[in-house]
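Enquirer: Hey, dropping work-v5.csv in here, CSV, C-alpha atoms:
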chain,number,residue,atom,x,y,z
A,275,MET,CA,0.0,0.0,0.0
A,276,ASN,CA,2.8,2.4,0.9
A,277,TYR,CA,4.5,1.5,-2.4
A,278,LEU,CA,1.4,2.4,-4.4
A,279,LEU,CA,1.1,5.7,-2.6
A,280,THR,CA,4.7,6.6,-3.2
A,281,LEU,CA,4.3,5.8,-7.0
A,282,SER,CA,1.1,7.9,-7.3
A,283,LEU,CA,2.8,10.9,-5.6
A,284,ALA,CA,5.8,10.6,-8.0
A,285,LEU,CA,3.5,10.6,-11.0
A,286,LEU,CA,1.6,13.7,-9.7
A,287,ILE,CA,4.9,15.6,-9.2
A,288,TRP,CA,6.1,14.7,-12.7
A,289,ALA,CA,2.8,15.8,-14.3
A,290,CYS,CA,2.9,19.2,-12.5
A,291,GLY,CA,6.5,19.6,-13.6
A,292,SER,CA,5.6,18.9,-17.2
A,293,LYS,CA,2.8,21.5,-17.2
A,294,ALA,CA,5.2,24.1,-15.7
A,295,GLU,CA,7.8,23.4,-18.4
A,296,ALA,CA,5.3,23.7,-21.3
A,297,PRO,CA,5.8,27.5,-21.9
A,298,ASN,CA,9.6,26.9,-22.2
A,299,GLN,CA,8.9,24.2,-24.9
A,300,THR,CA,6.7,26.6,-26.8
A,301,ALA,CA,9.4,29.2,-26.8
A,302,THR,CA,11.9,26.7,-28.1
A,303,THR,CA,9.5,25.9,-31.0
A,304,ASP,CA,9.2,29.5,-31.7
A,305,ASN,CA,13.0,29.8,-31.8
A,306,LEU,CA,13.2,26.9,-34.3
A,307,ASP,CA,11.1,28.9,-36.8
A,308,GLU,CA,14.0,31.3,-37.0
A,309,THR,CA,16.6,28.5,-37.3
A,310,VAL,CA,19.2,29.0,-40.0
A,311,VAL,CA,19.2,26.1,-42.5
A,312,PRO,CA,22.6,25.0,-43.6
A,313,VAL,CA,22.8,24.4,-47.4
A,314,ARG,CA,25.3,23.5,-50.0
A,315,LEU,CA,25.6,25.0,-53.5
A,316,ALA,CA,26.5,23.5,-56.8
A,317,PRO,CA,27.7,25.4,-59.9
A,318,VAL,CA,25.4,25.7,-62.9
A,319,GLN,CA,27.2,24.3,-66.0
A,320,VAL,CA,26.3,25.1,-69.6
A,321,VAL,CA,26.8,22.1,-71.9
A,322,GLN,CA,26.1,21.4,-75.5
A,323,ARG,CA,24.1,18.2,-76.1
A,324,ALA,CA,22.2,16.5,-78.9
A,325,GLU,CA,19.1,15.6,-76.9
A,326,PRO,CA,17.7,12.2,-78.1
A,327,ILE,CA,14.2,12.1,-79.4
A,328,MET,CA,12.1,9.2,-78.0
A,329,ILE,CA,9.1,8.1,-80.0
A,330,SER,CA,7.1,5.0,-80.9
A,331,GLY,CA,5.3,3.6,-83.9
A,332,LEU,CA,4.4,0.5,-85.9
A,333,LEU,CA,6.7,-1.4,-88.2
A,334,SER,CA,5.6,-1.5,-91.8
A,335,SER,CA,7.0,-2.0,-95.2
A,336,ALA,CA,8.3,0.8,-97.3
A,337,GLU,CA,6.4,-0.7,-100.2
A,338,GLU,CA,2.7,-0.9,-99.2
A,339,ALA,CA,-0.1,-1.1,-101.7
A,340,ARG,CA,-3.8,-0.6,-101.1
A,341,LEU,CA,-5.2,-2.5,-104.2
A,342,SER,CA,-8.6,-1.8,-105.5
A,343,PHE,CA,-10.7,-1.9,-108.7
A,344,LYS,CA,-10.9,1.2,-110.9
A,345,ILE,CA,-14.6,0.7,-111.4
A,346,GLY,CA,-17.4,-0.7,-109.2
A,347,GLY,CA,-19.0,-4.1,-109.7
A,348,ILE,CA,-19.6,-7.6,-108.3
A,349,ILE,CA,-16.4,-9.5,-107.4
A,350,ASN,CA,-16.4,-12.6,-109.6
A,351,ARG,CA,-13.4,-14.3,-107.9
A,352,THR,CA,-10.5,-13.7,-105.6
A,353,TYR,CA,-7.4,-15.8,-106.1
A,354,VAL,CA,-5.3,-15.2,-102.9
A,355,GLU,CA,-5.8,-15.3,-99.2
A,356,GLU,CA,-4.3,-13.4,-96.3
A,357,GLY,CA,-0.7,-14.3,-95.5
A,358,GLN,CA,0.0,-15.5,-99.1
A,359,THR,CA,3.1,-14.4,-100.9
A,360,VAL,CA,2.5,-12.8,-104.3
A,361,ARG,CA,4.6,-11.6,-107.2
A,362,LYS,CA,4.5,-8.2,-108.9
A,363,GLY,CA,1.9,-8.5,-111.7
A,364,GLN,CA,0.1,-11.6,-110.3
A,365,LEU,CA,-3.7,-11.6,-110.8
A,366,LEU,CA,-5.4,-11.3,-107.4
A,367,ALA,CA,-9.1,-10.7,-108.2
A,368,THR,CA,-11.6,-10.1,-111.1
A,369,LEU,CA,-15.0,-8.5,-111.4
A,370,ASP,CA,-18.1,-10.0,-113.1
A,371,LEU,CA,-17.9,-8.7,-116.7
A,372,THR,CA,-21.6,-9.0,-117.6
A,373,GLU,CA,-22.3,-5.3,-117.2
A,374,ILE,CA,-18.9,-4.2,-118.3
A,375,ASN,CA,-19.0,-6.1,-121.5
A,376,ALA,CA,-22.5,-4.7,-122.2
A,377,GLN,CA,-21.1,-1.2,-121.8
A,378,VAL,CA,-18.3,-2.0,-124.3
A,379,ASN,CA,-20.8,-3.4,-126.8
A,380,GLN,CA,-22.9,-0.3,-126.5
A,381,ALA,CA,-19.9,1.9,-127.2
A,382,GLU,CA,-19.0,-0.3,-130.3
A,383,LEU,CA,-22.6,0.1,-131.6
A,384,ALA,CA,-22.4,3.8,-131.1
A,385,VAL,CA,-19.2,4.0,-133.1
A,386,GLU,CA,-20.8,2.0,-136.0
A,387,LYS,CA,-23.8,4.3,-136.0
A,388,SER,CA,-21.6,7.5,-135.9
A,389,GLU,CA,-19.6,6.2,-138.8
A,390,ARG,CA,-22.7,5.6,-140.9
A,391,ASP,CA,-24.0,9.1,-140.0
A,392,LEU,CA,-20.7,10.6,-141.0
A,393,ASN,CA,-20.5,8.8,-144.3
A,394,ARG,CA,-24.1,9.8,-145.2
A,395,VAL,CA,-23.5,13.5,-144.3
A,396,LYS,CA,-20.2,13.5,-146.3
A,397,ALA,CA,-22.2,12.3,-149.4
A,398,LEU,CA,-24.9,14.9,-148.9
A,399,TYR,CA,-22.3,17.6,-148.4
A,400,ALA,CA,-20.6,16.6,-151.7
A,401,ASP,CA,-23.9,17.1,-153.4
A,402,THR,CA,-24.4,20.4,-151.6
A,403,ALA,CA,-27.4,18.9,-149.9
A,404,ALA,CA,-25.9,19.2,-146.4
A,405,THR,CA,-24.2,22.2,-144.8
A,406,LEU,CA,-20.7,22.4,-143.5
A,407,GLU,CA,-22.0,22.7,-140.0
A,408,GLN,CA,-23.9,19.4,-140.4
A,409,MET,CA,-20.7,17.6,-141.6
A,410,GLN,CA,-18.6,19.1,-138.8
A,411,ASN,CA,-21.2,17.9,-136.2
A,412,ALA,CA,-21.2,14.4,-137.7
A,413,THR,CA,-17.4,14.3,-137.6
A,414,THR,CA,-17.4,15.4,-133.9
A,415,GLY,CA,-20.1,12.8,-133.1
A,416,SER,CA,-17.9,10.0,-134.7
A,417,ARG,CA,-14.9,11.1,-132.7
A,418,LEU,CA,-16.9,11.3,-129.5
A,419,ALA,CA,-18.2,7.8,-130.0
A,420,ARG,CA,-14.7,6.4,-130.5
A,421,GLN,CA,-13.5,8.1,-127.3
A,422,ASN,CA,-16.4,6.5,-125.4
A,423,LEU,CA,-15.4,3.1,-126.8
A,424,THR,CA,-11.8,3.7,-125.6
A,425,VAL,CA,-13.0,4.5,-122.1
A,426,ALA,CA,-15.2,1.4,-121.9
A,427,GLN,CA,-12.4,-0.8,-123.2
A,428,PHE,CA,-10.0,0.8,-120.7
A,429,ASN,CA,-12.4,0.2,-117.8
A,430,ARG,CA,-12.8,-3.5,-118.8
A,431,SER,CA,-9.0,-3.9,-118.8
A,432,TYR,CA,-9.0,-2.7,-115.2
A,433,ALA,CA,-11.9,-4.9,-114.0
A,434,GLN,CA,-9.2,-6.9,-112.3
A,435,ILE,CA,-6.6,-6.4,-109.6
A,436,ARG,CA,-2.9,-7.3,-110.1
A,437,SER,CA,-0.2,-7.0,-107.4
A,438,SER,CA,2.0,-3.9,-107.8
A,439,VAL,CA,4.8,-5.2,-105.6
A,440,ASP,CA,6.5,-8.4,-104.6
A,441,GLY,CA,5.2,-9.0,-101.1
A,442,THR,CA,2.7,-10.6,-98.8
A,443,VAL,CA,-1.1,-10.1,-98.6
A,444,THR,CA,-1.5,-8.6,-95.1
A,445,ARG,CA,-5.3,-7.9,-95.3
A,446,LYS,CA,-8.1,-9.3,-97.5
A,447,LEU,CA,-11.0,-6.9,-97.1
A,448,MET,CA,-13.5,-8.4,-99.6
A,449,THR,CA,-14.3,-11.7,-101.1
A,450,ASP,CA,-16.3,-13.4,-103.9
A,451,GLY,CA,-19.8,-12.0,-104.6
A,452,GLU,CA,-19.3,-8.7,-102.7
A,453,LEU,CA,-20.1,-5.4,-104.3
A,454,ALA,CA,-16.8,-3.4,-104.7
A,455,ALA,CA,-17.0,0.4,-105.0
A,456,PRO,CA,-14.6,2.2,-107.3
A,457,GLY,CA,-11.3,2.7,-105.4
A,458,ALA,CA,-12.4,0.8,-102.3
A,459,PRO,CA,-9.4,-1.3,-101.0
A,460,VAL,CA,-9.8,-5.1,-101.5
A,461,PHE,CA,-6.2,-6.2,-100.6
A,462,LEU,CA,-3.4,-4.7,-98.6
A,463,VAL,CA,-0.1,-5.9,-99.8
A,464,SER,CA,3.3,-5.2,-98.1
A,465,GLY,CA,6.6,-5.6,-99.7
A,466,ASN,CA,8.8,-8.3,-98.2
A,467,ARG,CA,12.3,-7.4,-99.4
A,468,PRO,CA,14.8,-7.5,-96.4
A,469,ASN,CA,15.8,-3.8,-96.6
A,470,ASP,CA,12.3,-2.3,-97.0
A,471,TRP,CA,11.2,-2.3,-93.3
A,472,VAL,CA,10.5,1.1,-91.9
A,473,VAL,CA,8.8,2.8,-88.9
A,474,ARG,CA,6.9,6.0,-89.5
A,475,VAL,CA,6.5,8.3,-86.5
A,476,GLY,CA,5.2,11.8,-85.9
A,477,VAL,CA,7.4,14.4,-84.2
A,478,SER,CA,6.9,18.0,-83.1
A,479,ASP,CA,8.1,21.0,-85.1
A,480,LYS,CA,11.0,21.6,-82.7
A,481,ASP,CA,12.2,18.0,-83.0
A,482,TRP,CA,11.6,18.0,-86.8
A,483,ALA,CA,13.9,21.1,-87.1
A,484,ARG,CA,16.8,19.2,-85.4
A,485,LEU,CA,16.6,16.2,-87.7
A,486,ARG,CA,18.4,15.6,-90.9
A,487,LEU,CA,18.3,12.8,-93.5
A,488,GLY,CA,20.8,10.2,-92.5
A,489,ASN,CA,20.5,10.7,-88.7
A,490,ARG,CA,21.0,7.6,-86.8
A,491,ALA,CA,18.3,5.7,-84.8
A,492,SER,CA,18.2,2.9,-82.4
A,493,VAL,CA,15.0,0.7,-82.6
A,494,THR,CA,13.7,-1.8,-80.1
A,495,LEU,CA,10.7,-4.1,-80.7
A,496,ASP,CA,8.5,-5.6,-78.0
A,497,ALA,CA,8.5,-8.8,-80.1
A,498,TYR,CA,12.3,-9.1,-79.5
A,499,PRO,CA,13.1,-7.9,-76.0
A,500,GLY,CA,16.7,-7.1,-75.3
A,501,GLN,CA,17.6,-6.6,-78.9
A,502,SER,CA,18.3,-3.3,-80.6
A,503,PHE,CA,18.2,-2.7,-84.3
A,504,ARG,CA,20.0,0.0,-86.3
A,505,GLY,CA,18.0,2.6,-88.2
A,506,VAL,CA,18.5,5.7,-90.3
A,507,VAL,CA,16.2,8.6,-91.1
A,508,THR,CA,15.3,8.3,-94.8
A,509,GLU,CA,12.3,10.7,-95.1
A,510,LEU,CA,11.3,14.0,-93.5
A,511,ALA,CA,7.8,15.3,-94.2
A,512,GLY,CA,7.7,18.8,-95.7
A,513,ALA,CA,4.5,19.7,-94.0
A,514,ALA,CA,2.6,18.8,-90.8
A,515,ASP,CA,-0.3,16.4,-90.7
A,516,PRO,CA,-3.4,18.6,-90.8
A,517,ILE,CA,-5.1,16.5,-88.1
A,518,ASN,CA,-2.5,15.9,-85.4
A,519,LYS,CA,-0.1,18.7,-86.4
A,520,LEU,CA,2.9,16.4,-86.3
A,521,TYR,CA,5.6,15.9,-88.9
A,522,GLU,CA,6.1,12.4,-90.2
A,523,VAL,CA,9.5,10.9,-90.1
A,524,GLU,CA,10.4,7.6,-91.8
A,525,ILE,CA,13.2,5.4,-90.2
A,526,ARG,CA,14.5,2.5,-92.3
A,527,ILE,CA,15.6,-0.4,-90.2
A,528,ASP,CA,18.1,-3.2,-90.8
A,529,PRO,CA,16.5,-6.5,-89.6
A,530,GLY,CA,19.7,-8.5,-89.8
A,531,LYS,CA,18.7,-12.1,-89.5
A,532,VAL,CA,15.5,-11.5,-87.6
A,533,ARG,CA,12.0,-12.1,-89.1
A,534,PHE,CA,9.9,-8.9,-89.3
A,535,ALA,CA,6.2,-8.5,-89.9
A,536,PRO,CA,4.0,-5.4,-90.4
A,537,GLY,CA,2.4,-4.1,-87.3
A,538,LEU,CA,5.1,-4.9,-84.7
A,539,PHE,CA,5.3,-2.2,-82.0
A,540,ALA,CA,8.6,-0.3,-82.1
A,541,LYS,CA,10.3,2.2,-79.8
A,542,VAL,CA,12.6,4.6,-81.6
A,543,GLN,CA,15.5,6.7,-80.2
A,544,LEU,CA,16.6,9.3,-82.7
A,545,THR,CA,19.9,11.0,-82.4
A,546,PRO,CA,19.9,14.4,-84.2
A,547,ASP,CA,23.2,16.0,-85.3
A,548,GLN,CA,22.1,19.5,-84.2
A,549,SER,CA,22.9,20.1,-80.6
A,550,ARG,CA,21.6,22.8,-78.2
A,551,SER,CA,22.6,24.5,-75.0
A,552,TYR,CA,21.5,23.1,-71.6
A,553,ALA,CA,22.0,24.2,-68.0
A,554,LEU,CA,23.3,21.2,-66.1
A,555,VAL,CA,22.6,20.8,-62.4
A,556,PRO,CA,22.5,17.9,-59.9
A,557,VAL,CA,19.2,16.1,-59.7
A,558,GLU,CA,18.9,16.9,-55.9
A,559,ALA,CA,18.6,20.6,-56.8
A,560,ILE,CA,15.2,20.0,-58.3
A,561,VAL,CA,12.2,20.4,-56.0
A,562,GLU,CA,8.5,19.9,-56.9
A,563,GLY,CA,9.4,18.4,-60.2
A,564,ASN,CA,6.3,17.4,-62.3
A,565,GLY,CA,7.0,16.2,-65.9
A,566,GLN,CA,8.8,19.0,-67.7
A,567,GLU,CA,8.2,21.5,-65.0
A,568,GLY,CA,10.2,22.0,-61.7
A,569,PHE,CA,11.8,24.5,-59.3
A,570,VAL,CA,15.3,25.1,-57.9
A,571,TYR,CA,16.4,27.4,-55.0
A,572,VAL,CA,18.9,30.1,-55.7
A,573,LEU,CA,20.5,32.5,-53.2
A,574,THR,CA,19.3,36.1,-52.8
A,575,PRO,CA,22.0,38.8,-53.4
A,576,ASP,CA,22.9,39.0,-49.7
A,577,ARG,CA,23.4,35.1,-49.6
A,578,ARG,CA,21.3,34.9,-46.5
A,579,GLY,CA,18.0,33.9,-48.1
A,580,VAL,CA,16.7,31.9,-51.0
A,581,ARG,CA,14.4,32.5,-54.0
A,582,LYS,CA,12.4,29.8,-55.8
A,583,GLN,CA,13.1,29.7,-59.5
A,584,PRO,CA,10.9,27.8,-62.0
A,585,VAL,CA,12.8,25.8,-64.6
A,586,GLN,CA,12.1,23.7,-67.7
A,587,ILE,CA,13.4,20.1,-67.5
A,588,GLY,CA,14.9,18.7,-70.7
A,589,TYR,CA,15.9,15.2,-69.7
A,590,LEU,CA,17.9,13.2,-67.1
A,591,ASP,CA,21.6,12.5,-67.6
A,592,GLY,CA,22.7,10.1,-64.9
A,593,SER,CA,22.8,12.0,-61.6
A,594,ASN,CA,22.3,15.3,-63.4
A,595,VAL,CA,19.4,17.1,-65.0
A,596,LEU,CA,19.6,19.1,-68.2
A,597,LEU,CA,17.4,22.2,-68.1
A,598,THR,CA,16.2,23.9,-71.3
A,599,ASN,CA,15.1,27.2,-69.6
A,600,GLY,CA,15.0,29.1,-66.3
A,601,LEU,CA,18.6,29.6,-65.2
A,602,THR,CA,19.8,32.4,-67.4
A,603,ASN,CA,22.6,34.4,-65.6
A,604,THR,CA,22.4,32.0,-62.6
A,605,LEU,CA,25.8,30.7,-61.4
A,606,GLU,CA,24.8,28.4,-58.5
A,607,VAL,CA,21.8,26.5,-57.2
A,608,VAL,CA,21.1,25.0,-53.8
A,609,THR,CA,21.5,21.2,-53.5
A,610,ALA,CA,21.9,19.8,-49.9
A,611,GLY,CA,19.1,21.3,-47.7
A,612,SER,CA,16.8,22.3,-50.5
A,613,ALA,CA,14.0,19.9,-49.3
A,614,PHE,CA,13.7,21.9,-46.0
A,615,LEU,CA,13.5,25.4,-47.5
A,616,THR,CA,10.9,27.9,-48.2
A,617,GLU,CA,11.3,31.4,-49.5
A,618,GLU,CA,11.1,32.7,-45.9
A,619,SER,CA,14.0,30.5,-44.8
A,620,LYS,CA,17.3,31.9,-43.5
A,621,VAL,CA,20.3,30.0,-44.8
A,622,LYS,CA,24.0,29.6,-44.2
A,623,VAL,CA,26.1,28.3,-47.0
A,624,MET,CA,28.4,25.5,-45.8
A,625,GLY,CA,32.0,26.4,-46.5
A,626,ASP,CA,31.5,30.2,-46.5
Give the structure from this file in structure tokens form.

Expert:
Amino acid sequence: MNYLLTLSLALLIWACGSKAEAPNQTATTDNLDETVVPVRLAPVQVVQRAEPIMISGLLSSAEEARLSFKIGGIINRTYVEEGQTVRKGQLLATLDLTEINAQVNQAELAVEKSERDLNRVKALYADTAATLEQMQNATTGSRLARQNLTVAQFNRSYAQIRSSVDGTVTRKLMTDGELAAPGAPVFLVSGNRPNDWVVRVGVSDKDWARLRLGNRASVTLDAYPGQSFRGVVTELAGAADPINKLYEVEIRIDPGKVRFAPGLFAKVQLTPDQSRSYALVPVEAIVEGNGQEGFVYVLTPDRRGVRKQPVQIGYLDGSNVLLTNGLTNTLEVVTAGSAFLTEESKVKVMGD
């Protein structure tokens, strides 16, 4: 019983002592608000780098054909299937010629009639029974009928589809008995020559301005993880796409001994020849980084305070960050201690 009483008394004394000391603790906290934060500085370096361009796209053949009929009609027969290899000039499909042949016959009959009319008018003109205008009209009618026959015969000759490249049928969009509209794709054929594989990607105007024909590229494919393929820029669009406002760039890829197929997903790293200036700072100097935006702390002129400076982040380079904008005429940035700073903080530069 005496032990419990002694323990309770000790606890009461401790509690009272704690309450009495509370104001001193508050004063200490208030003093901490004015604590000088020790910081370290790092110099801002200006470097010249050719920033790589990272982009993605789909693998395709440089020779791709969307094959269609010139005129509309019912498909009579298709001769190939998807995945089949075809040769240039090979017959792939034909239309039913019933209607087309009838149009040719009509044109031939019109030519025969126009020839008879012309001969009759010529005879009448020789006997002064027809005027010069009538003979000229008959001559024009005859020529017009012959032109119509030429058109009909030409259309009949294109009532079939032949492959325009050596390649593979990647898509078959119609089959026998379907109605094909003029110019509507029936087959998609991709060239299969080893050196015809390309990736077409869209880049911004700033990246397009830094690229040149012949610039190197490194390409990786999800289908072949861990492998990298060499590429080179072979085409640069002269105008932006009117829909997405990007400029198309074609990169030709060397497959080596690997088997490629259209549609493989590719990641491309382009290396432009044209370099640009960057401000290089340690990565720990960046605070509140968000994508391409961030901040750094720089000293005020009296070196006792700091100012928060917005910067534009280009890309990471190991333990450093390359900045595209925001540090003009700035020689040093805060590194160690930057995470504990606000613009109201007092600082002391370690080493000063």

Enquirer: Would you mind telling me which residue in A:Arg361, A:Lys620, A:Arg323, A:Lys582 lies nearest to Val607 of chain A when using all atoms listed in the file?

Expert: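 Residue with the minimum atom-to-atom distance to Val607 of chain A: A:Lys582.
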
Enquirer: A:Ser431, A:Asn518, A:Asn350, A:Thr405: which is nearest Asn375 of chain A, counting all atoms listed in the file?

Expert: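 Under the stated criterion, the closest residue is A:Ser431.
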
Enquirer: Taking 3 positions as the minimum chain separation for residues in the same chain, which residues sit within 9 Å of Phe614 of chain A when counting all atoms listed in the file? Answer as JSON, numbers by chain.

Expert: {"A": [311, 611, 619]}

Enquirer: Generate the output file for the selected residues, C-alpha atoms, as a PDB file, keeping the file's coordinate frame.

Expert:
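Saved as selection.pdb:
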ATOM      1  CA  VAL A 311      19.200  26.100 -42.500  1.00  0.00           C
ATOM      2  CA  GLY A 611      19.100  21.300 -47.700  1.00  0.00           C
ATOM      3  CA  SER A 619      14.000  30.500 -44.800  1.00  0.00           C
TER       4      SER A 619
END

Enquirer: Would you write out, as a tab-separated table, a table of all residues in segment 301-345 of chain A that have an atom no more than 12 Å from an atom of segment 572-575 of chain A, listing for each the closest atom pair and the distance in Å to one decimal, considering all atoms listed in the file and ordering rows by chain and rising residue number?

Expert:
residue	atom	partner	partner_atom	distance
A:Val313	CA	A:Leu573	CA	10.2
A:Arg314	CA	A:Leu573	CA	10.7
A:Leu315	CA	A:Val572	CA	8.7
A:Ala316	CA	A:Val572	CA	10.1
A:Pro317	CA	A:Val572	CA	10.8
A:Val318	CA	A:Val572	CA	10.7

Enquirer: Would you list the residues near (26.7, 12.1, -69.9) (no more than 12 Å away, in the coordinates of the file, using all atoms listed in the file) as a tab-separated table (two decimals) with C-alpha atoms, in the frame of the given file?

Expert:
chain	number	residue	atom	x	y	z
A	321	VAL	CA	26.80	22.10	-71.90
A	322	GLN	CA	26.10	21.40	-75.50
A	323	ARG	CA	24.10	18.20	-76.10
A	324	ALA	CA	22.20	16.50	-78.90
A	325	GLU	CA	19.10	15.60	-76.90
A	554	LEU	CA	23.30	21.20	-66.10
A	589	TYR	CA	15.90	15.20	-69.70
A	590	LEU	CA	17.90	13.20	-67.10
A	591	ASP	CA	21.60	12.50	-67.60
A	592	GLY	CA	22.70	10.10	-64.90
A	593	SER	CA	22.80	12.00	-61.60
A	594	ASN	CA	22.30	15.30	-63.40
A	595	VAL	CA	19.40	17.10	-65.00
A	596	LEU	CA	19.60	19.10	-68.20

Enquirer: Can you pull out the residues contacting segment 520-523 of chain A? Cut-off 7 Å, using all atoms listed in the file, and skip same-chain residues under 2 positions away; I want them as a list in words.

Expert: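 Selected residues are Arg474, Val475, Gly476, Val477, Ser478, Asp479, Trp482, Glu509, Leu510, Ala511, Ala513, Ala514, Asp515, Asn518 and Ile525 of chain A.
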
Enquirer: Between atom CA of Lys446 of chain A and atom CA of Gly363 of chain A, what is the spacing in Å?

Expert: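 Value for the atom CA of Gly363 of chain A-atom CA of Lys446 of chain A distance: 17.4 Å.
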
Enquirer: Counting all atoms listed in the file, which of A:Val621, A:Arg550, A:Val443, A:Ala559 gets nearest to Val580 of chain A?

Expert: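 Among A:Val621, A:Arg550, A:Val443, A:Ala559, it is A:Val621 that comes nearest to Val580 of chain A.
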
Enquirer: Can you measure atom CA of Ser388 of chain A to atom CA of Glu373 of chain A for me? One decimal in Å is fine.

Expert: 22.7 Å

Enquirer: Just how far from atom CA of Glu567 of chain A is atom CA of Leu615 of chain A, in Å to one decimal?

Expert: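 Those two atoms sit 18.7 Å apart.
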
Enquirer: Which residue gives the smallest distance to Ile327 of chain A among A:Gln583, A:Gln421, A:Asn489, A:Gln566, with all atoms listed in the file counted?

Expert: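 Closest candidate: A:Asn489.
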
Enquirer: Which one is closest to Ala613 of chain A: A:Gly563, A:Gly588, A:Gly457, A:Gly331? Count all atoms listed in the file.

Expert: A:Gly563
